[in-house]
$ cat upload_3.cif   # mmCIF, N, CA and C atoms
data_structure
loop_
_atom_site.group_PDB
_atom_site.id
_atom_site.type_symbol
_atom_site.label_atom_id
_atom_site.label_comp_id
_atom_site.auth_asym_id
_atom_site.auth_seq_id
_atom_site.Cartn_x
_atom_site.Cartn_y
_atom_site.Cartn_z
ATOM 1 N N MET A 1 -12.152 12.034 24.502
ATOM 2 C CA MET A 1 -12.624 12.214 23.152
ATOM 3 C C MET A 1 -12.278 10.960 22.352
ATOM 4 N N SER A 2 -13.183 10.491 21.555
ATOM 5 C CA SER A 2 -12.944 9.258 20.811
ATOM 6 C C SER A 2 -12.243 9.544 19.487
ATOM 7 N N GLU A 3 -11.582 8.511 18.973
ATOM 8 C CA GLU A 3 -10.882 8.602 17.690
ATOM 9 C C GLU A 3 -11.900 8.698 16.560
ATOM 10 N N PRO A 4 -11.607 9.488 15.516
ATOM 11 C CA PRO A 4 -12.521 9.539 14.381
ATOM 12 C C PRO A 4 -12.555 8.187 13.667
ATOM 13 N N VAL A 5 -13.699 7.842 13.181
ATOM 14 C CA VAL A 5 -13.867 6.572 12.471
ATOM 15 C C VAL A 5 -13.683 6.829 10.975
ATOM 16 N N PRO A 6 -12.742 6.116 10.327
ATOM 17 C CA PRO A 6 -12.543 6.345 8.897
ATOM 18 C C PRO A 6 -13.726 5.821 8.087
ATOM 19 N N PHE A 7 -13.929 6.453 6.932
ATOM 20 C CA PHE A 7 -14.995 5.959 6.068
ATOM 21 C C PHE A 7 -14.563 4.625 5.462
ATOM 22 N N LEU A 8 -15.483 3.722 5.334
ATOM 23 C CA LEU A 8 -15.230 2.419 4.720
ATOM 24 C C LEU A 8 -16.250 2.210 3.621
ATOM 25 N N VAL A 9 -15.821 1.569 2.566
ATOM 26 C CA VAL A 9 -16.693 1.288 1.435
ATOM 27 C C VAL A 9 -17.047 -0.194 1.475
ATOM 28 N N PRO A 10 -18.317 -0.544 1.459
ATOM 29 C CA PRO A 10 -18.659 -1.965 1.440
ATOM 30 C C PRO A 10 -18.059 -2.627 0.185
ATOM 31 N N VAL A 11 -17.323 -3.696 0.400
ATOM 32 C CA VAL A 11 -16.671 -4.397 -0.708
ATOM 33 C C VAL A 11 -17.154 -5.835 -0.698
ATOM 34 N N ASP A 12 -17.770 -6.255 -1.790
ATOM 35 C CA ASP A 12 -18.250 -7.634 -1.837
ATOM 36 C C ASP A 12 -17.122 -8.587 -2.234
ATOM 37 N N GLU A 13 -17.361 -9.850 -2.009
ATOM 38 C CA GLU A 13 -16.348 -10.883 -2.236
ATOM 39 C C GLU A 13 -15.870 -10.922 -3.686
ATOM 40 N N SER A 14 -16.750 -10.679 -4.646
ATOM 41 C CA SER A 14 -16.332 -10.722 -6.049
ATOM 42 C C SER A 14 -15.369 -9.578 -6.368
ATOM 43 N N ARG A 15 -15.592 -8.404 -5.791
ATOM 44 C CA ARG A 15 -14.659 -7.287 -6.016
ATOM 45 C C ARG A 15 -13.319 -7.571 -5.376
ATOM 46 N N LEU A 16 -13.332 -8.148 -4.155
ATOM 47 C CA LEU A 16 -12.063 -8.509 -3.503
ATOM 48 C C LEU A 16 -11.280 -9.501 -4.351
ATOM 49 N N ARG A 17 -11.968 -10.506 -4.882
ATOM 50 C CA ARG A 17 -11.292 -11.490 -5.740
ATOM 51 C C ARG A 17 -10.706 -10.825 -6.973
ATOM 52 N N ALA A 18 -11.459 -9.917 -7.580
ATOM 53 C CA ALA A 18 -10.977 -9.211 -8.777
ATOM 54 C C ALA A 18 -9.754 -8.359 -8.454
ATOM 55 N N GLU A 19 -9.763 -7.649 -7.324
ATOM 56 C CA GLU A 19 -8.619 -6.811 -6.944
ATOM 57 C C GLU A 19 -7.402 -7.672 -6.616
ATOM 58 N N ARG A 20 -7.610 -8.797 -5.962
ATOM 59 C CA ARG A 20 -6.488 -9.707 -5.675
ATOM 60 C C ARG A 20 -5.879 -10.253 -6.961
ATOM 61 N N ALA A 21 -6.726 -10.569 -7.929
ATOM 62 C CA ALA A 21 -6.235 -11.058 -9.224
ATOM 63 C C ALA A 21 -5.429 -9.963 -9.928
ATOM 64 N N LYS A 22 -5.917 -8.721 -9.879
ATOM 65 C CA LYS A 22 -5.174 -7.607 -10.485
ATOM 66 C C LYS A 22 -3.818 -7.428 -9.797
ATOM 67 N N ALA A 23 -3.796 -7.567 -8.469
ATOM 68 C CA ALA A 23 -2.546 -7.419 -7.726
ATOM 69 C C ALA A 23 -1.553 -8.514 -8.115
ATOM 70 N N ARG A 24 -2.027 -9.752 -8.246
ATOM 71 C CA ARG A 24 -1.135 -10.851 -8.668
ATOM 72 C C ARG A 24 -0.553 -10.560 -10.046
ATOM 73 N N GLU A 25 -1.399 -10.090 -10.951
ATOM 74 C CA GLU A 25 -0.944 -9.769 -12.305
ATOM 75 C C GLU A 25 0.067 -8.623 -12.281
ATOM 76 N N LEU A 26 -0.204 -7.589 -11.506
ATOM 77 C CA LEU A 26 0.695 -6.445 -11.418
ATOM 78 C C LEU A 26 2.040 -6.840 -10.811
ATOM 79 N N ARG A 27 2.033 -7.743 -9.816
ATOM 80 C CA ARG A 27 3.288 -8.199 -9.204
ATOM 81 C C ARG A 27 4.204 -8.890 -10.208
ATOM 82 N N ARG A 28 3.624 -9.488 -11.244
ATOM 83 C CA ARG A 28 4.432 -10.176 -12.263
ATOM 84 C C ARG A 28 4.926 -9.231 -13.354
ATOM 85 N N SER A 29 4.473 -7.989 -13.334
ATOM 86 C CA SER A 29 4.815 -7.058 -14.405
ATOM 87 C C SER A 29 6.228 -6.487 -14.243
ATOM 88 N N ALA A 30 6.816 -6.106 -15.384
ATOM 89 C CA ALA A 30 8.125 -5.451 -15.378
ATOM 90 C C ALA A 30 8.049 -4.136 -14.604
ATOM 91 N N TRP A 31 6.919 -3.438 -14.707
ATOM 92 C CA TRP A 31 6.746 -2.183 -13.994
ATOM 93 C C TRP A 31 6.925 -2.383 -12.489
ATOM 94 N N TRP A 32 6.257 -3.379 -11.913
ATOM 95 C CA TRP A 32 6.361 -3.612 -10.466
ATOM 96 C C TRP A 32 7.759 -4.072 -10.084
ATOM 97 N N LYS A 33 8.341 -4.948 -10.889
ATOM 98 C CA LYS A 33 9.693 -5.423 -10.588
ATOM 99 C C LYS A 33 10.679 -4.262 -10.567
ATOM 100 N N GLN A 34 10.505 -3.304 -11.468
ATOM 101 C CA GLN A 34 11.362 -2.126 -11.481
ATOM 102 C C GLN A 34 11.113 -1.264 -10.249
ATOM 103 N N LYS A 35 9.855 -1.041 -9.866
ATOM 104 C CA LYS A 35 9.515 -0.253 -8.671
ATOM 105 C C LYS A 35 10.136 -0.873 -7.418
ATOM 106 N N ARG A 36 10.069 -2.184 -7.341
ATOM 107 C CA ARG A 36 10.555 -2.910 -6.177
ATOM 108 C C ARG A 36 12.077 -3.029 -6.156
ATOM 109 N N SER A 37 12.703 -2.930 -7.328
ATOM 110 C CA SER A 37 14.141 -3.196 -7.439
ATOM 111 C C SER A 37 15.004 -2.226 -6.625
ATOM 112 N N ARG A 38 14.506 -1.025 -6.371
ATOM 113 C CA ARG A 38 15.261 -0.078 -5.532
ATOM 114 C C ARG A 38 15.457 -0.625 -4.123
ATOM 115 N N GLY A 39 14.488 -1.441 -3.678
ATOM 116 C CA GLY A 39 14.595 -2.036 -2.348
ATOM 117 C C GLY A 39 14.260 -1.099 -1.212
ATOM 118 N N ARG A 40 13.658 0.053 -1.522
ATOM 119 C CA ARG A 40 13.350 1.044 -0.499
ATOM 120 C C ARG A 40 11.850 1.182 -0.292
ATOM 121 N N CYS A 41 11.474 1.306 0.966
ATOM 122 C CA CYS A 41 10.067 1.485 1.336
ATOM 123 C C CYS A 41 9.595 2.882 0.932
ATOM 124 N N TYR A 42 8.448 2.945 0.319
ATOM 125 C CA TYR A 42 7.836 4.207 -0.100
ATOM 126 C C TYR A 42 7.603 5.128 1.096
ATOM 127 N N TYR A 43 7.235 4.566 2.241
ATOM 128 C CA TYR A 43 6.845 5.368 3.397
ATOM 129 C C TYR A 43 8.018 5.789 4.280
ATOM 130 N N CYS A 44 8.856 4.857 4.699
ATOM 131 C CA CYS A 44 9.929 5.185 5.649
ATOM 132 C C CYS A 44 11.298 5.288 4.990
ATOM 133 N N ASP A 45 11.394 4.914 3.718
ATOM 134 C CA ASP A 45 12.625 4.967 2.930
ATOM 135 C C ASP A 45 13.695 3.990 3.439
ATOM 136 N N ALA A 46 13.297 3.016 4.251
ATOM 137 C CA ALA A 46 14.254 2.008 4.721
ATOM 138 C C ALA A 46 14.713 1.151 3.543
ATOM 139 N N ASP A 47 15.989 0.819 3.543
ATOM 140 C CA ASP A 47 16.545 -0.053 2.512
ATOM 141 C C ASP A 47 16.410 -1.489 3.013
ATOM 142 N N VAL A 48 15.364 -2.184 2.546
ATOM 143 C CA VAL A 48 15.085 -3.552 3.007
ATOM 144 C C VAL A 48 15.321 -4.581 1.907
ATOM 145 N N GLY A 49 15.723 -4.132 0.726
ATOM 146 C CA GLY A 49 15.918 -5.050 -0.398
ATOM 147 C C GLY A 49 14.586 -5.390 -1.047
ATOM 148 N N ALA A 50 14.648 -5.772 -2.301
ATOM 149 C CA ALA A 50 13.424 -6.058 -3.062
ATOM 150 C C ALA A 50 12.569 -7.137 -2.399
ATOM 151 N N GLN A 51 13.206 -8.159 -1.855
ATOM 152 C CA GLN A 51 12.451 -9.254 -1.241
ATOM 153 C C GLN A 51 11.759 -8.838 0.054
ATOM 154 N N GLY A 52 12.200 -7.743 0.666
ATOM 155 C CA GLY A 52 11.606 -7.270 1.911
ATOM 156 C C GLY A 52 10.438 -6.323 1.716
ATOM 157 N N LEU A 53 10.037 -6.113 0.460
ATOM 158 C CA LEU A 53 8.953 -5.177 0.178
ATOM 159 C C LEU A 53 7.653 -5.893 -0.155
ATOM 160 N N THR A 54 6.563 -5.276 0.230
ATOM 161 C CA THR A 54 5.231 -5.778 -0.090
ATOM 162 C C THR A 54 4.519 -4.725 -0.927
ATOM 163 N N MET A 55 3.409 -5.108 -1.536
ATOM 164 C CA MET A 55 2.613 -4.173 -2.316
ATOM 165 C C MET A 55 1.557 -3.565 -1.398
ATOM 166 N N ASP A 56 1.569 -2.234 -1.291
ATOM 167 C CA ASP A 56 0.579 -1.551 -0.464
ATOM 168 C C ASP A 56 -0.289 -0.659 -1.334
ATOM 169 N N HIS A 57 -1.571 -0.649 -1.042
ATOM 170 C CA HIS A 57 -2.502 0.262 -1.711
ATOM 171 C C HIS A 57 -2.498 1.567 -0.931
ATOM 172 N N LYS A 58 -2.095 2.676 -1.570
ATOM 173 C CA LYS A 58 -2.107 3.967 -0.878
ATOM 174 C C LYS A 58 -3.522 4.266 -0.398
ATOM 175 N N VAL A 59 -4.498 4.119 -1.264
ATOM 176 C CA VAL A 59 -5.907 4.192 -0.857
ATOM 177 C C VAL A 59 -6.380 2.744 -0.776
ATOM 178 N N PRO A 60 -6.589 2.228 0.435
ATOM 179 C CA PRO A 60 -6.973 0.821 0.588
ATOM 180 C C PRO A 60 -8.273 0.480 -0.145
ATOM 181 N N ILE A 61 -8.386 -0.755 -0.534
ATOM 182 C CA ILE A 61 -9.574 -1.220 -1.255
ATOM 183 C C ILE A 61 -10.835 -0.937 -0.454
ATOM 184 N N ILE A 62 -10.792 -1.163 0.858
ATOM 185 C CA ILE A 62 -11.998 -0.934 1.666
ATOM 186 C C ILE A 62 -12.300 0.544 1.872
ATOM 187 N N ARG A 63 -11.423 1.408 1.352
ATOM 188 C CA ARG A 63 -11.668 2.850 1.401
ATOM 189 C C ARG A 63 -11.933 3.380 -0.009
ATOM 190 N N GLY A 64 -12.182 2.458 -0.959
ATOM 191 C CA GLY A 64 -12.523 2.858 -2.318
ATOM 192 C C GLY A 64 -11.386 2.783 -3.311
ATOM 193 N N GLY A 65 -10.205 2.347 -2.872
ATOM 194 C CA GLY A 65 -9.044 2.261 -3.760
ATOM 195 C C GLY A 65 -9.125 1.077 -4.710
ATOM 196 N N ARG A 66 -8.311 1.132 -5.729
ATOM 197 C CA ARG A 66 -8.234 0.068 -6.740
ATOM 198 C C ARG A 66 -6.788 -0.390 -6.872
ATOM 199 N N THR A 67 -6.606 -1.529 -7.485
ATOM 200 C CA THR A 67 -5.267 -2.034 -7.753
ATOM 201 C C THR A 67 -4.835 -1.494 -9.111
ATOM 202 N N THR A 68 -4.209 -0.319 -9.068
ATOM 203 C CA THR A 68 -3.717 0.335 -10.276
ATOM 204 C C THR A 68 -2.291 0.815 -10.019
ATOM 205 N N LYS A 69 -1.570 1.099 -11.091
ATOM 206 C CA LYS A 69 -0.186 1.582 -10.951
ATOM 207 C C LYS A 69 -0.118 2.868 -10.126
ATOM 208 N N GLY A 70 -1.118 3.687 -10.207
ATOM 209 C CA GLY A 70 -1.115 4.932 -9.452
ATOM 210 C C GLY A 70 -1.486 4.780 -7.992
ATOM 211 N N ASN A 71 -1.931 3.602 -7.588
ATOM 212 C CA ASN A 71 -2.392 3.420 -6.212
ATOM 213 C C ASN A 71 -1.598 2.377 -5.432
ATOM 214 N N VAL A 72 -0.637 1.714 -6.044
ATOM 215 C CA VAL A 72 0.155 0.733 -5.297
ATOM 216 C C VAL A 72 1.610 1.180 -5.223
ATOM 217 N N VAL A 73 2.208 0.923 -4.068
ATOM 218 C CA VAL A 73 3.600 1.313 -3.823
ATOM 219 C C VAL A 73 4.307 0.183 -3.084
ATOM 220 N N PRO A 74 5.641 0.096 -3.236
ATOM 221 C CA PRO A 74 6.397 -0.878 -2.450
ATOM 222 C C PRO A 74 6.562 -0.370 -1.016
ATOM 223 N N ALA A 75 6.207 -1.208 -0.062
ATOM 224 C CA ALA A 75 6.309 -0.827 1.350
ATOM 225 C C ALA A 75 6.925 -1.969 2.141
ATOM 226 N N CYS A 76 7.722 -1.615 3.150
ATOM 227 C CA CYS A 76 8.258 -2.653 4.030
ATOM 228 C C CYS A 76 7.099 -3.220 4.850
ATOM 229 N N LYS A 77 7.273 -4.424 5.333
ATOM 230 C CA LYS A 77 6.210 -5.097 6.084
ATOM 231 C C LYS A 77 5.786 -4.294 7.325
ATOM 232 N N PRO A 78 6.741 -3.752 8.118
ATOM 233 C CA PRO A 78 6.303 -2.973 9.286
ATOM 234 C C PRO A 78 5.434 -1.767 8.925
ATOM 235 N N CYS A 79 5.784 -1.042 7.856
ATOM 236 C CA CYS A 79 4.962 0.102 7.450
ATOM 237 C C CYS A 79 3.605 -0.361 6.929
ATOM 238 N N ASN A 80 3.605 -1.404 6.102
ATOM 239 C CA ASN A 80 2.344 -1.906 5.554
ATOM 240 C C ASN A 80 1.418 -2.361 6.682
ATOM 241 N N ASP A 81 1.972 -3.084 7.652
ATOM 242 C CA ASP A 81 1.161 -3.551 8.784
ATOM 243 C C ASP A 81 0.651 -2.387 9.642
ATOM 244 N N ALA A 82 1.505 -1.388 9.881
ATOM 245 C CA ALA A 82 1.110 -0.267 10.739
ATOM 246 C C ALA A 82 0.091 0.644 10.052
ATOM 247 N N LYS A 83 0.227 0.822 8.753
ATOM 248 C CA LYS A 83 -0.687 1.700 8.009
ATOM 249 C C LYS A 83 -2.087 1.111 7.954
ATOM 250 N N LYS A 84 -2.190 -0.185 7.848
ATOM 251 C CA LYS A 84 -3.463 -0.904 7.772
ATOM 252 C C LYS A 84 -4.394 -0.280 6.741
ATOM 253 N N HIS A 85 -5.513 0.275 7.172
ATOM 254 C CA HIS A 85 -6.522 0.813 6.262
ATOM 255 C C HIS A 85 -6.509 2.336 6.203
ATOM 256 N N SER A 86 -5.409 2.930 6.656
ATOM 257 C CA SER A 86 -5.308 4.391 6.662
ATOM 258 C C SER A 86 -4.894 4.924 5.298
ATOM 259 N N LEU A 87 -5.200 6.180 5.080
ATOM 260 C CA LEU A 87 -4.679 6.897 3.923
ATOM 261 C C LEU A 87 -3.309 7.446 4.315
ATOM 262 N N PRO A 88 -2.424 7.688 3.353
ATOM 263 C CA PRO A 88 -1.111 8.243 3.714
ATOM 264 C C PRO A 88 -1.216 9.546 4.513
ATOM 265 N N SER A 89 -2.226 10.352 4.247
ATOM 266 C CA SER A 89 -2.388 11.613 4.980
ATOM 267 C C SER A 89 -2.825 11.399 6.434
ATOM 268 N N GLU A 90 -3.280 10.204 6.764
ATOM 269 C CA GLU A 90 -3.747 9.904 8.128
ATOM 270 C C GLU A 90 -2.693 9.163 8.951
ATOM 271 N N TRP A 91 -1.578 8.840 8.333
ATOM 272 C CA TRP A 91 -0.595 7.974 8.973
ATOM 273 C C TRP A 91 0.813 8.401 8.602
ATOM 274 N N ALA A 92 1.735 8.273 9.529
ATOM 275 C CA ALA A 92 3.155 8.517 9.245
ATOM 276 C C ALA A 92 3.955 7.395 9.891
ATOM 277 N N PRO A 93 5.026 6.949 9.245
ATOM 278 C CA PRO A 93 5.852 5.883 9.824
ATOM 279 C C PRO A 93 6.494 6.333 11.129
ATOM 280 N N ALA A 94 6.979 5.372 11.892
ATOM 281 C CA ALA A 94 7.546 5.639 13.211
ATOM 282 C C ALA A 94 8.614 6.729 13.188
ATOM 283 N N GLY A 95 9.422 6.774 12.149
ATOM 284 C CA GLY A 95 10.475 7.776 12.051
ATOM 285 C C GLY A 95 9.959 9.159 11.712
ATOM 286 N N GLY A 96 8.679 9.282 11.416
ATOM 287 C CA GLY A 96 8.083 10.561 11.135
ATOM 288 C C GLY A 96 8.212 11.017 9.689
ATOM 289 N N ARG A 97 8.901 10.244 8.865
ATOM 290 C CA ARG A 97 9.066 10.631 7.457
ATOM 291 C C ARG A 97 7.733 10.484 6.742
ATOM 292 N N THR A 98 7.410 11.429 5.920
ATOM 293 C CA THR A 98 6.230 11.319 5.060
ATOM 294 C C THR A 98 6.691 11.440 3.622
ATOM 295 N N HIS A 99 6.016 10.775 2.745
ATOM 296 C CA HIS A 99 6.397 10.778 1.344
ATOM 297 C C HIS A 99 5.520 11.758 0.596
ATOM 298 N N ALA A 100 6.127 12.771 0.043
ATOM 299 C CA ALA A 100 5.376 13.750 -0.743
ATOM 300 C C ALA A 100 5.312 13.268 -2.186
ATOM 301 N N ASP A 101 4.184 12.773 -2.575
ATOM 302 C CA ASP A 101 4.023 12.239 -3.935
ATOM 303 C C ASP A 101 2.716 12.678 -4.521
#
$ encode --input "upload_3.cif" --output "structure tokens"
Amino acid sequence: MSEPVPFLVPVDESRLRAERAKARELRRSAWWKQKRSRGRCYYCDADVGAQGLTMDHKVPIIRGGRTTKGNVVPACKPCNDAKKHSLPSEWAPAGGRTHAD
């Protein structure tokens, strides 16, 4: 049996540029610095320090997500890389922890 194919939303280059610009702006905000300051990954709860966290879109841009405060979370690099274009409901970190949010 084959794996289900996730839905993807066609995203043009201008939208990608706009979302990247929003992400850069959000990374400079006090709100993001405070979110990141805990140093814990949203998905696996690993304590990696603020510098070890990346910005992850819970609903990826190619799945219709936007760069908004309600859609971005601090994630460790291994979780961000493993999650790729999945929704949180489609993916769980290696330790099996899921974040109820």
$ residues_around --input "upload_3.cif" --residues "Thr68 in chain A" --least-positions-apart "5" --cutoff "8 Å" --atoms "all atoms listed in the file" --output "PDB file with N, CA and C atoms, in the frame of the given file"
ATOM      1  N   LYS A  22      -5.917  -8.721  -9.879  1.00  0.00           N
ATOM      2  CA  LYS A  22      -5.174  -7.607 -10.485  1.00  0.00           C
ATOM      3  C   LYS A  22      -3.818  -7.428  -9.797  1.00  0.00           C
ATOM      4  N   ALA A  23      -3.796  -7.567  -8.469  1.00  0.00           N
ATOM      5  CA  ALA A  23      -2.546  -7.419  -7.726  1.00  0.00           C
ATOM      6  C   ALA A  23      -1.553  -8.514  -8.115  1.00  0.00           C
ATOM      7  N   LEU A  26      -0.204  -7.589 -11.506  1.00  0.00           N
ATOM      8  CA  LEU A  26       0.695  -6.445 -11.418  1.00  0.00           C
ATOM      9  C   LEU A  26       2.040  -6.840 -10.811  1.00  0.00           C
ATOM     10  N   HIS A  57      -1.571  -0.649  -1.042  1.00  0.00           N
ATOM     11  CA  HIS A  57      -2.502   0.262  -1.711  1.00  0.00           C
ATOM     12  C   HIS A  57      -2.498   1.567  -0.931  1.00  0.00           C
ATOM     13  N   VAL A  73       2.208   0.923  -4.068  1.00  0.00           N
ATOM     14  CA  VAL A  73       3.600   1.313  -3.823  1.00  0.00           C
ATOM     15  C   VAL A  73       4.307   0.183  -3.084  1.00  0.00           C
TER      16      VAL A  73
END
$ resolve_selection --input "upload_3.cif" --expression "the PyMOL selection byres (((chain A and resi 53 and name CA) around 6) and name CA)" --output "ChimeraX atom specification"
/A:50-52,54,74-76
$ write_last_selection --input "upload_3.cif" --atoms "N, CA and C atoms" --output "PDB file, keeping the file's coordinate frame"
ATOM      1  N   ALA A  50      14.648  -5.772  -2.301  1.00  0.00           N
ATOM      2  CA  ALA A  50      13.424  -6.058  -3.062  1.00  0.00           C
ATOM      3  C   ALA A  50      12.569  -7.137  -2.399  1.00  0.00           C
ATOM      4  N   GLN A  51      13.206  -8.159  -1.855  1.00  0.00           N
ATOM      5  CA  GLN A  51      12.451  -9.254  -1.241  1.00  0.00           C
ATOM      6  C   GLN A  51      11.759  -8.838   0.054  1.00  0.00           C
ATOM      7  N   GLY A  52      12.200  -7.743   0.666  1.00  0.00           N
ATOM      8  CA  GLY A  52      11.606  -7.270   1.911  1.00  0.00           C
ATOM      9  C   GLY A  52      10.438  -6.323   1.716  1.00  0.00           C
ATOM     10  N   THR A  54       6.563  -5.276   0.230  1.00  0.00           N
ATOM     11  CA  THR A  54       5.231  -5.778  -0.090  1.00  0.00           C
ATOM     12  C   THR A  54       4.519  -4.725  -0.927  1.00  0.00           C
ATOM     13  N   PRO A  74       5.641   0.096  -3.236  1.00  0.00           N
ATOM     14  CA  PRO A  74       6.397  -0.878  -2.450  1.00  0.00           C
ATOM     15  C   PRO A  74       6.562  -0.370  -1.016  1.00  0.00           C
ATOM     16  N   ALA A  75       6.207  -1.208  -0.062  1.00  0.00           N
ATOM     17  CA  ALA A  75       6.309  -0.827   1.350  1.00  0.00           C
ATOM     18  C   ALA A  75       6.925  -1.969   2.141  1.00  0.00           C
ATOM     19  N   CYS A  76       7.722  -1.615   3.150  1.00  0.00           N
ATOM     20  CA  CYS A  76       8.258  -2.653   4.030  1.00  0.00           C
ATOM     21  C   CYS A  76       7.099  -3.220   4.850  1.00  0.00           C
TER      22      CYS A  76
END
$ closest_residue --input "upload_3.cif" --among "A:Cys79, A:Ser86, A:Phe7, A:Ala21" --to "Tyr43 in chain A" --atoms "only N, CA and C atoms"
A:Cys79
$ closest_residue --input "upload_3.cif" --among "A:Leu87, A:Ala18, A:Val11, A:Met55" --to "Arg36 in chain A" --atoms "only C-alpha atoms"
A:Met55
$ closest_residue --input "upload_3.cif" --among "A:Val59, A:Ala30, A:Ala46, A:Val9" --to "Lys83 in chain A" --atoms "only C-alpha atoms"
A:Val59
$ closest_residue --input "upload_3.cif" --among "A:Asn71, A:Arg17, A:Leu8, A:Arg28" --to "Asp56 in chain A" --atoms "all atoms listed in the file"
A:Asn71
$ select_by_dssp --input "upload_3.cif" --residues "chain A" --states "strand (DSSP E)" --output "MDAnalysis selection string"
chainID A and resid 53:57 72:76
$ atom_distance --input "upload_3.cif" --atom1 "CA of Lys35 in chain A" --atom2 "CA of Lys69 in chain A"
10.1 Å
$ atom_distance --input "upload_3.cif" --atom1 "CA of Val72 in chain A" --atom2 "CA of Trp91 in chain A"
16.0 Å
$ atom_distance --input "upload_3.cif" --atom1 "CA of Pro93 in chain A" --atom2 "CA of Trp32 in chain A"
22.4 Å
$ axis_aligned_box --input "upload_3.cif" --around "range 70-84 of chain A" --padding-each-side "5 Å" --output "lines of an AutoDock Vina configuration file"
center_x = 1.9
center_y = -0.1
center_z = 0.3
size_x = 22.7
size_y = 20.0
size_z = 30.9
$ select_by_dssp --input "upload_3.cif" --residues "range 20-81 of chain A" --states "helix (DSSP H, G or I)" --output "PyMOL selection string"
chain A and resi 20-27+30-37+50-52+61-63+77-81
$ closest_residue --input "upload_3.cif" --among "A:Lys58, A:Glu25, A:Arg63, A:Asp12" --to "Pro88 in chain A" --atoms "only C-alpha atoms"
A:Lys58
$ closest_residue --input "upload_3.cif" --among "A:Ser14, A:Gly65, A:Pro60, A:Cys44" --to "His85 in chain A" --atoms "all atoms listed in the file"
A:Pro60
$ resolve_selection --input "upload_3.cif" --expression "the PyMOL selection byres ((chain A and resi 39) around 5)" --output "ChimeraX atom specification"
/A:36-38,40-41,47-50
